[in-house]
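Source file: input.cif; contents: mmCIF, C-alpha atoms.
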data_my_file
loop_
_atom_site.group_PDB
_atom_site.id
_atom_site.type_symbol
_atom_site.label_atom_id
_atom_site.label_comp_id
_atom_site.auth_asym_id
_atom_site.auth_seq_id
_atom_site.Cartn_x
_atom_site.Cartn_y
_atom_site.Cartn_z
ATOM 1 C CA MET I 1 15.408 9.440 -6.730
ATOM 2 C CA ARG I 2 14.787 6.864 -4.003
ATOM 3 C CA PHE I 3 12.848 3.655 -4.585
ATOM 4 C CA LYS I 4 13.559 2.231 -1.149
ATOM 5 C CA PRO I 5 13.215 4.025 2.211
ATOM 6 C CA PRO I 6 16.436 5.486 3.657
ATOM 7 C CA LEU I 7 18.266 3.174 6.057
ATOM 8 C CA LEU I 8 18.368 5.969 8.663
ATOM 9 C CA LEU I 9 14.568 6.197 8.651
ATOM 10 C CA ARG I 10 14.223 2.463 9.143
ATOM 11 C CA ARG I 11 16.662 2.620 12.055
ATOM 12 C CA LEU I 12 14.697 5.454 13.670
ATOM 13 C CA PHE I 13 11.485 3.423 13.420
ATOM 14 C CA PRO I 14 12.534 -0.216 13.840
ATOM 15 C CA SER I 15 9.115 -1.312 15.135
ATOM 16 C CA LEU I 16 7.355 -0.272 11.914
ATOM 17 C CA VAL I 17 6.805 -2.934 9.250
ATOM 18 C CA TRP I 18 9.111 -2.261 6.285
ATOM 19 C CA SER I 19 9.152 -5.718 4.701
ATOM 20 C CA ILE I 20 7.854 -9.220 5.431
ATOM 21 C CA PRO I 21 10.609 -11.784 4.924
ATOM 22 C CA GLY I 22 9.305 -15.317 4.524
ATOM 23 C CA SER I 23 10.144 -18.746 3.285
ATOM 24 C CA THR I 24 10.031 -19.993 -0.284
ATOM 25 C CA SER I 25 8.985 -23.340 -1.694
ATOM 26 C CA LYS I 26 9.754 -25.333 -4.812
ATOM 27 C CA GLN I 27 6.584 -23.973 -6.364
ATOM 28 C CA ASP I 28 7.106 -20.388 -5.267
ATOM 29 C CA SER I 29 10.226 -18.222 -5.533
ATOM 30 C CA GLY I 30 8.875 -15.934 -2.844
ATOM 31 C CA GLU I 31 6.044 -13.684 -1.809
ATOM 32 C CA VAL I 32 5.763 -9.963 -2.342
ATOM 33 C CA PHE I 33 3.073 -7.647 -1.031
ATOM 34 C CA LEU I 34 1.471 -5.239 -3.471
ATOM 35 C CA THR I 35 -0.341 -2.360 -1.776
ATOM 36 C CA PHE I 36 -2.548 0.470 -3.046
ATOM 37 C CA ASP I 37 -2.998 3.783 -1.226
ATOM 38 C CA ASP I 38 -5.603 6.567 -1.185
ATOM 39 C CA GLY I 39 -8.690 4.762 -2.569
ATOM 40 C CA PRO I 40 -11.131 3.414 -3.137
ATOM 41 C CA THR I 41 -11.627 5.394 -6.344
ATOM 42 C CA PRO I 42 -14.483 4.589 -8.747
ATOM 43 C CA GLY I 43 -13.210 3.306 -12.073
ATOM 44 C CA VAL I 44 -9.616 2.906 -10.896
ATOM 45 C CA THR I 45 -10.190 0.464 -8.037
ATOM 46 C CA GLU I 46 -12.410 -1.809 -10.132
ATOM 47 C CA TRP I 47 -9.759 -1.888 -12.862
ATOM 48 C CA ILE I 48 -7.093 -2.856 -10.324
ATOM 49 C CA LEU I 49 -9.307 -5.645 -8.984
ATOM 50 C CA SER I 50 -9.749 -7.033 -12.497
ATOM 51 C CA GLN I 51 -5.982 -7.013 -13.097
ATOM 52 C CA LEU I 52 -5.262 -8.720 -9.794
ATOM 53 C CA ASP I 53 -7.916 -11.327 -10.505
ATOM 54 C CA GLU I 54 -6.452 -12.074 -13.933
ATOM 55 C CA TYR I 55 -3.130 -13.025 -12.352
ATOM 56 C CA GLY I 56 -4.506 -14.635 -9.200
ATOM 57 C CA ALA I 57 -2.801 -11.959 -7.114
ATOM 58 C CA ARG I 58 -3.880 -10.625 -3.731
ATOM 59 C CA ALA I 59 -3.135 -7.163 -2.385
ATOM 60 C CA THR I 60 -3.725 -4.809 0.526
ATOM 61 C CA PHE I 61 -5.580 -1.518 0.005
ATOM 62 C CA PHE I 62 -4.809 1.300 2.439
ATOM 63 C CA CYS I 63 -8.000 3.327 2.197
ATOM 64 C CA LEU I 64 -8.923 6.858 3.160
ATOM 65 C CA GLY I 65 -11.883 6.951 5.500
ATOM 66 C CA LYS I 66 -13.595 9.687 3.509
ATOM 67 C CA ASN I 67 -13.400 7.591 0.340
ATOM 68 C CA VAL I 68 -14.818 4.505 2.030
ATOM 69 C CA GLU I 69 -17.586 6.676 3.465
ATOM 70 C CA ARG I 70 -18.447 7.855 -0.054
ATOM 71 C CA HIS I 71 -17.992 4.480 -1.770
ATOM 72 C CA PRO I 72 -18.701 1.673 0.726
ATOM 73 C CA GLU I 73 -19.654 -0.676 -2.109
ATOM 74 C CA LEU I 74 -16.094 -0.477 -3.487
ATOM 75 C CA CYS I 75 -14.683 -1.379 -0.095
ATOM 76 C CA ARG I 76 -16.973 -4.403 0.000
ATOM 77 C CA ARG I 77 -15.815 -5.439 -3.474
ATOM 78 C CA ILE I 78 -12.182 -5.323 -2.343
ATOM 79 C CA LEU I 79 -12.920 -7.612 0.580
ATOM 80 C CA GLU I 80 -15.201 -9.950 -1.373
ATOM 81 C CA ALA I 81 -12.422 -10.429 -3.948
ATOM 82 C CA GLY I 82 -10.119 -11.802 -1.228
ATOM 83 C CA HIS I 83 -7.993 -8.730 -0.623
ATOM 84 C CA ARG I 84 -7.361 -6.861 2.616
ATOM 85 C CA ILE I 85 -7.896 -3.254 3.627
ATOM 86 C CA GLY I 86 -5.940 -0.969 5.936
ATOM 87 C CA ASN I 87 -6.427 2.464 7.479
ATOM 88 C CA HIS I 88 -4.753 5.432 5.750
ATOM 89 C CA SER I 89 -6.381 8.116 7.961
ATOM 90 C CA TYR I 90 -9.660 9.833 7.211
ATOM 91 C CA ASP I 91 -8.412 12.681 5.034
ATOM 92 C CA HIS I 92 -4.745 11.959 4.177
ATOM 93 C CA ALA I 93 -3.450 13.547 7.365
ATOM 94 C CA ARG I 94 0.005 15.124 7.300
ATOM 95 C CA GLY I 95 1.803 13.614 10.253
ATOM 96 C CA TRP I 96 4.650 16.120 10.382
ATOM 97 C CA GLU I 97 2.379 19.160 10.251
ATOM 98 C CA MET I 98 -0.180 18.529 13.011
ATOM 99 C CA SER I 99 -0.349 17.547 16.645
ATOM 100 C CA ALA I 100 -0.186 13.890 17.566
ATOM 101 C CA GLY I 101 -3.683 14.174 19.030
ATOM 102 C CA ASN I 102 -5.225 15.533 15.844
ATOM 103 C CA TYR I 103 -3.365 12.943 13.793
ATOM 104 C CA ALA I 104 -4.690 10.106 15.935
ATOM 105 C CA ARG I 105 -8.200 11.552 15.713
ATOM 106 C CA SER I 106 -8.068 11.449 11.909
ATOM 107 C CA VAL I 107 -7.056 7.789 12.073
ATOM 108 C CA GLU I 108 -9.778 6.981 14.595
ATOM 109 C CA HIS I 109 -12.370 8.796 12.468
ATOM 110 C CA ALA I 110 -11.359 6.564 9.559
ATOM 111 C CA ARG I 111 -11.799 3.562 11.829
ATOM 112 C CA GLU I 112 -15.538 4.254 11.819
ATOM 113 C CA PHE I 113 -15.524 3.091 8.190
ATOM 114 C CA ILE I 114 -12.451 0.826 7.983
ATOM 115 C CA ASP I 115 -12.333 -2.327 10.088
ATOM 116 C CA SER I 116 -8.615 -3.080 10.147
ATOM 117 C CA ASP I 117 -5.675 -3.187 12.534
ATOM 118 C CA LEU I 118 -3.265 -2.140 9.760
ATOM 119 C CA PHE I 119 -2.300 1.514 9.334
ATOM 120 C CA ARG I 120 -0.083 3.269 6.809
ATOM 121 C CA PRO I 121 0.929 6.911 7.349
ATOM 122 C CA PRO I 122 0.049 9.187 4.413
ATOM 123 C CA TYR I 123 3.251 10.342 2.677
ATOM 124 C CA GLY I 124 5.067 7.900 4.964
ATOM 125 C CA ARG I 125 5.325 10.766 7.443
ATOM 126 C CA ILE I 126 4.841 9.988 11.103
ATOM 127 C CA THR I 127 6.476 11.265 14.276
ATOM 128 C CA ARG I 128 7.691 9.059 17.093
ATOM 129 C CA ARG I 129 4.889 10.256 19.352
ATOM 130 C CA GLU I 130 2.270 9.539 16.677
ATOM 131 C CA ALA I 131 3.761 6.108 16.120
ATOM 132 C CA ARG I 132 3.654 5.322 19.852
ATOM 133 C CA LEU I 133 0.004 6.360 20.076
ATOM 134 C CA LEU I 134 -1.112 4.365 17.056
ATOM 135 C CA ALA I 135 0.954 1.303 17.927
ATOM 136 C CA LEU I 136 -1.491 0.686 20.778
ATOM 137 C CA HIS I 137 -4.147 -0.337 18.229
ATOM 138 C CA TYR I 138 -2.418 -0.830 14.855
ATOM 139 C CA ARG I 139 0.476 -2.474 13.094
ATOM 140 C CA ILE I 140 2.075 0.422 11.205
ATOM 141 C CA VAL I 141 2.987 -0.692 7.687
ATOM 142 C CA MET I 142 5.513 1.202 5.582
ATOM 143 C CA TRP I 143 7.139 -0.196 2.412
ATOM 144 C CA ASN I 144 10.347 -1.329 0.802
ATOM 145 C CA VAL I 145 9.703 -0.382 -2.855
ATOM 146 C CA ILE I 146 7.732 2.605 -4.151
ATOM 147 C CA SER I 147 6.566 2.839 -7.759
ATOM 148 C CA ARG I 148 6.132 6.643 -7.778
ATOM 149 C CA ASP I 149 3.094 6.163 -9.981
ATOM 150 C CA TYR I 150 1.627 9.381 -8.555
ATOM 151 C CA SER I 151 4.342 11.616 -10.043
ATOM 152 C CA ARG I 152 3.662 13.467 -13.292
ATOM 153 C CA ARG I 153 7.437 13.662 -13.777
ATOM 154 C CA VAL I 154 7.724 9.865 -13.885
ATOM 155 C CA ALA I 155 6.949 8.259 -17.250
ATOM 156 C CA PRO I 156 4.952 5.007 -17.293
ATOM 157 C CA GLU I 157 8.013 3.022 -18.392
ATOM 158 C CA LYS I 158 10.033 4.476 -15.526
ATOM 159 C CA CYS I 159 7.268 3.597 -13.064
ATOM 160 C CA LEU I 160 7.518 -0.007 -14.224
ATOM 161 C CA ARG I 161 11.312 -0.050 -13.889
ATOM 162 C CA ASN I 162 11.072 1.409 -10.382
ATOM 163 C CA VAL I 163 9.408 -1.821 -9.331
ATOM 164 C CA VAL I 164 10.840 -4.632 -11.439
ATOM 165 C CA ARG I 165 14.463 -3.561 -10.968
ATOM 166 C CA HIS I 166 14.185 -3.425 -7.187
ATOM 167 C CA VAL I 167 11.528 -5.857 -5.982
ATOM 168 C CA ARG I 168 12.655 -8.916 -4.033
ATOM 169 C CA PRO I 169 10.790 -11.568 -2.031
ATOM 170 C CA GLY I 170 9.406 -10.077 1.164
ATOM 171 C CA ASP I 171 9.144 -6.558 -0.231
ATOM 172 C CA ILE I 172 6.113 -4.346 0.316
ATOM 173 C CA VAL I 173 5.416 -2.407 -2.908
ATOM 174 C CA VAL I 174 3.413 0.826 -3.068
ATOM 175 C CA PHE I 175 1.019 1.786 -5.858
ATOM 176 C CA HIS I 176 -1.965 4.164 -5.680
ATOM 177 C CA ASP I 177 -5.580 3.623 -6.718
ATOM 178 C CA SER I 178 -6.186 7.258 -7.598
ATOM 179 C CA GLN I 179 -6.995 9.187 -10.757
ATOM 180 C CA LYS I 180 -3.691 11.030 -10.424
ATOM 181 C CA ALA I 181 -1.716 7.789 -10.579
ATOM 182 C CA PHE I 182 -3.795 6.002 -13.204
ATOM 183 C CA ARG I 183 -1.742 7.031 -16.258
ATOM 184 C CA ASN I 184 1.313 5.252 -14.837
ATOM 185 C CA LEU I 185 -0.607 2.519 -13.064
ATOM 186 C CA GLU I 186 -2.478 1.450 -16.192
ATOM 187 C CA TYR I 187 0.839 0.810 -17.919
ATOM 188 C CA ALA I 188 2.872 -0.574 -15.029
ATOM 189 C CA LEU I 189 0.553 -2.801 -13.009
ATOM 190 C CA PRO I 190 -0.228 -5.518 -15.586
ATOM 191 C CA ARG I 191 3.444 -5.662 -16.546
ATOM 192 C CA VAL I 192 4.505 -5.931 -12.896
ATOM 193 C CA LEU I 193 2.016 -8.751 -12.366
ATOM 194 C CA ARG I 194 3.326 -10.536 -15.451
ATOM 195 C CA PHE I 195 6.924 -10.034 -14.278
ATOM 196 C CA LEU I 196 6.156 -11.493 -10.850
ATOM 197 C CA GLN I 197 4.468 -14.473 -12.461
ATOM 198 C CA GLU I 198 7.435 -15.069 -14.764
ATOM 199 C CA GLN I 199 9.825 -14.865 -11.807
ATOM 200 C CA GLY I 200 7.753 -17.361 -9.839
ATOM 201 C CA MET I 201 6.819 -14.768 -7.229
ATOM 202 C CA SER I 202 3.299 -14.302 -5.898
ATOM 203 C CA SER I 203 1.534 -11.279 -4.428
ATOM 204 C CA LYS I 204 -0.204 -11.857 -1.100
ATOM 205 C CA THR I 205 -2.183 -9.814 1.408
ATOM 206 C CA ILE I 206 -0.377 -8.467 4.459
ATOM 207 C CA GLU I 207 -1.167 -10.663 7.441
ATOM 208 C CA LEU I 208 0.536 -9.608 10.674
#
Could you show the structure in this file as structure tokens?
Amino acid sequence: MRFKPPLLLRRLFPSLVWSIPGSTSKQDSGEVFLTFDDGPTPGVTEWILSQLDEYGARATFFCLGKNVERHPELCRRILEAGHRIGNHSYDHARGWEMSAGNYARSVEHAREFIDSDLFRPPYGRITRREARLLALHYRIVMWNVISRDYSRRVAPEKCLRNVVRHVRPGDIVVFHDSQKAFRNLEYALPRVLRFLQEQGMSSKTIEL
């Protein structure tokens, strides 16, 4: 089971953002970038915001346009709390299973509700043509560590280990603010935040 993206994939898409290396200071052992996909989701997103606030952490939420359309107040809460949002398409578009034009239209439809120049492909699946089209308007953000919180076959303890055993300064970490992921997220997120704090690492928003 992979926790980091294959090297071949990163070489095929070198212009995509896979990590954000940066400097460290005496007070800070390095920055990491926690991200949450597929929301906002009532109940789950608010809980995440409370956990982030408790640890003084900031994160980036890659939102589905249809969810922001249904729950604009949750999107406002994310922004008011000092976090950032990104575009995750309108309806979780499958980049390998549709034309580049239809894929781009789903992203542009989401743009009606999501004011951001960041985009993350659902499932991490995007073709070269789709990437070229979207790169005209977006920075395409992938990841370097995935928690697999969405998988029913991954126990909460394993979800936690997927992150703490692999995360390093500069890494972009993927969680999900969805009902499907909440069983694992509820266990793993506070422990990840505590781990980062103990290691002297801080979670920041993605600023490109």
Practice problem: Go through I:Glu31, I:Asp149, I:Asp115, I:Glu97 and flag the residue nearest Arg161 (chain I), using all atoms listed in the file for the distances. | Solution: I:Asp149
Quiz item: So which residues are close to (4.5, 4.1, -6.5), meaning at most 6 Å away in the file's coordinates with all atoms listed in the file counted, and can you show them as a list in words?
Solution: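 The residues near that point, listed by chain and number, are Ile146, Ser147, Arg148, Asp149, Val174 and Phe175 of chain I.
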Give me a file of those residues, with C-alpha atoms, as a PDB file, keeping the file's coordinate frame.
ATOM      1  CA  ILE I 146       7.732   2.605  -4.151  1.00  0.00           C
ATOM      2  CA  SER I 147       6.566   2.839  -7.759  1.00  0.00           C
ATOM      3  CA  ARG I 148       6.132   6.643  -7.778  1.00  0.00           C
ATOM      4  CA  ASP I 149       3.094   6.163  -9.981  1.00  0.00           C
ATOM      5  CA  VAL I 174       3.413   0.826  -3.068  1.00  0.00           C
ATOM      6  CA  PHE I 175       1.019   1.786  -5.858  1.00  0.00           C
TER       7      PHE I 175
END
Practice problem: Could you expand the PyMOL selection byres ((chain I and resi 61) around 8) into the explicit residues it covers here, written as a PyMOL selection string? | Solution: chain I and resi 35-37+39+59-60+62-63+78+83-86
Quiz item: Which is closer to Pro190 (chain I) than all the others in I:Ser19, I:Gln51, I:Thr205, I:Thr41, using all atoms listed in the file?
Solution: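 Looking only at the distances to Pro190 (chain I), the closest residue turns out to be I:Gln51.
Residues matching the PyMOL selection byres ((chain I and resi 47) around 12) in this structure come to Pro40, Thr41, Pro42, Gly43, Val44, Thr45, Glu46, Ile48, Leu49, Ser50, Gln51, Leu52, Asp53, Glu54, Leu74, Arg77, Ile78, Asp177, Ser178, Gln179, Phe182, Leu185, Glu186, Leu189 and Pro190 of chain I.
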Quiz item: Within 12 Å of (8.8, 4.1, -8.1), only C-alpha atoms: residues as number ranges by chain?
Solution: I: 1-5, 143-167, 173-176, 181, 184-185, 188-189, 192
Quiz item: Quick one, how far is CA of Leu64 (chain I) from CA of Gln197 (chain I)?
Solution: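 Pair CA of Leu64 (chain I) / CA of Gln197 (chain I) returns 29.6 Å.
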Quiz prompt | Picked residues, the PyMOL selection byres ((chain I and resi 16) around 12), expected as a PyMOL selection string | solution = chain I and resi 9-15+17-20+118-121+124+126-128+131-132+134-135+138-144+208
Exercise. With a distance cut-off of 8 Å and all atoms listed in the file, select the neighbouring residues of Gly22 (chain I), excluding the residue or stretch itself and same-chain residues fewer than 4 positions from it, and output the selection as a PyMOL selection string.
Key: chain I and resi 30-31+169-170
Based on the selection just made, write C-alpha atoms of those residues as a PDB file, keeping the file's coordinate frame.
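Listed below is the output, result_18.pdb:
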ATOM      1  CA  GLY I  30       8.875 -15.934  -2.844  1.00  0.00           C
ATOM      2  CA  GLU I  31       6.044 -13.684  -1.809  1.00  0.00           C
ATOM      3  CA  PRO I 169      10.790 -11.568  -2.031  1.00  0.00           C
ATOM      4  CA  GLY I 170       9.406 -10.077   1.164  1.00  0.00           C
TER       5      GLY I 170
END
Quiz item: CA of Lys66 (chain I) to CA of Leu79 (chain I): how many Å, to one decimal?
Solution: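 The value is 17.6 Å.
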Self-check item: Residue nearest Trp96 (chain I) - candidates I:Tyr187, I:Tyr55, I:Tyr123, I:Phe33, atoms counted: only C-alpha atoms
Solution: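 For Trp96 (chain I), the nearest of the given residues is I:Tyr123.
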Quiz item: In Å, how far is it from CA of Met98 (chain I) to CA of Phe113 (chain I)?
Solution: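 Pair CA of Met98 (chain I) / CA of Phe113 (chain I) returns 22.3 Å.
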As lines of an AutoDock Vina configuration file, please report the centre and edge lengths, rounded to one decimal in Å, of the axis-aligned box that holds all listed atoms of region 28-34 of chain I with 8 Å of padding on each of the six sides.
center_x = 5.8
center_y = -12.8
center_z = -3.3
size_x = 24.8
size_y = 31.1
size_z = 20.5
Quiz item: Which residues come within 10 Å of Gln199 (chain I), counting only C-alpha atoms, excluding same-chain residues fewer than 4 positions away, as a list of chain:residue names?
Solution: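 Close residues of Gln199 (chain I): I:Asp28, I:Ser29, I:Gly30, I:Leu193, I:Arg194, I:Phe195.
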Quiz item: For Ala93 (chain I), which residue among I:His71, I:Arg111, I:Arg191, I:Arg125 is the nearest when counting all atoms listed in the file?
Solution: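 Of I:His71, I:Arg111, I:Arg191, I:Arg125, the one nearest Ala93 (chain I) is I:Arg125, counting all atoms listed in the file.
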Quiz item: Of the candidates I:Ile172, I:Ala81, I:Leu133, I:Val32, which one gets nearest to Gly101 (chain I) if we count all atoms listed in the file?
Solution: I:Leu133
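Counting all atoms listed in the file and comparing I:Ser203, I:Gly82, I:Asn67, I:Asp38, the residue that lies closest to Pro122 (chain I) is I:Asp38.
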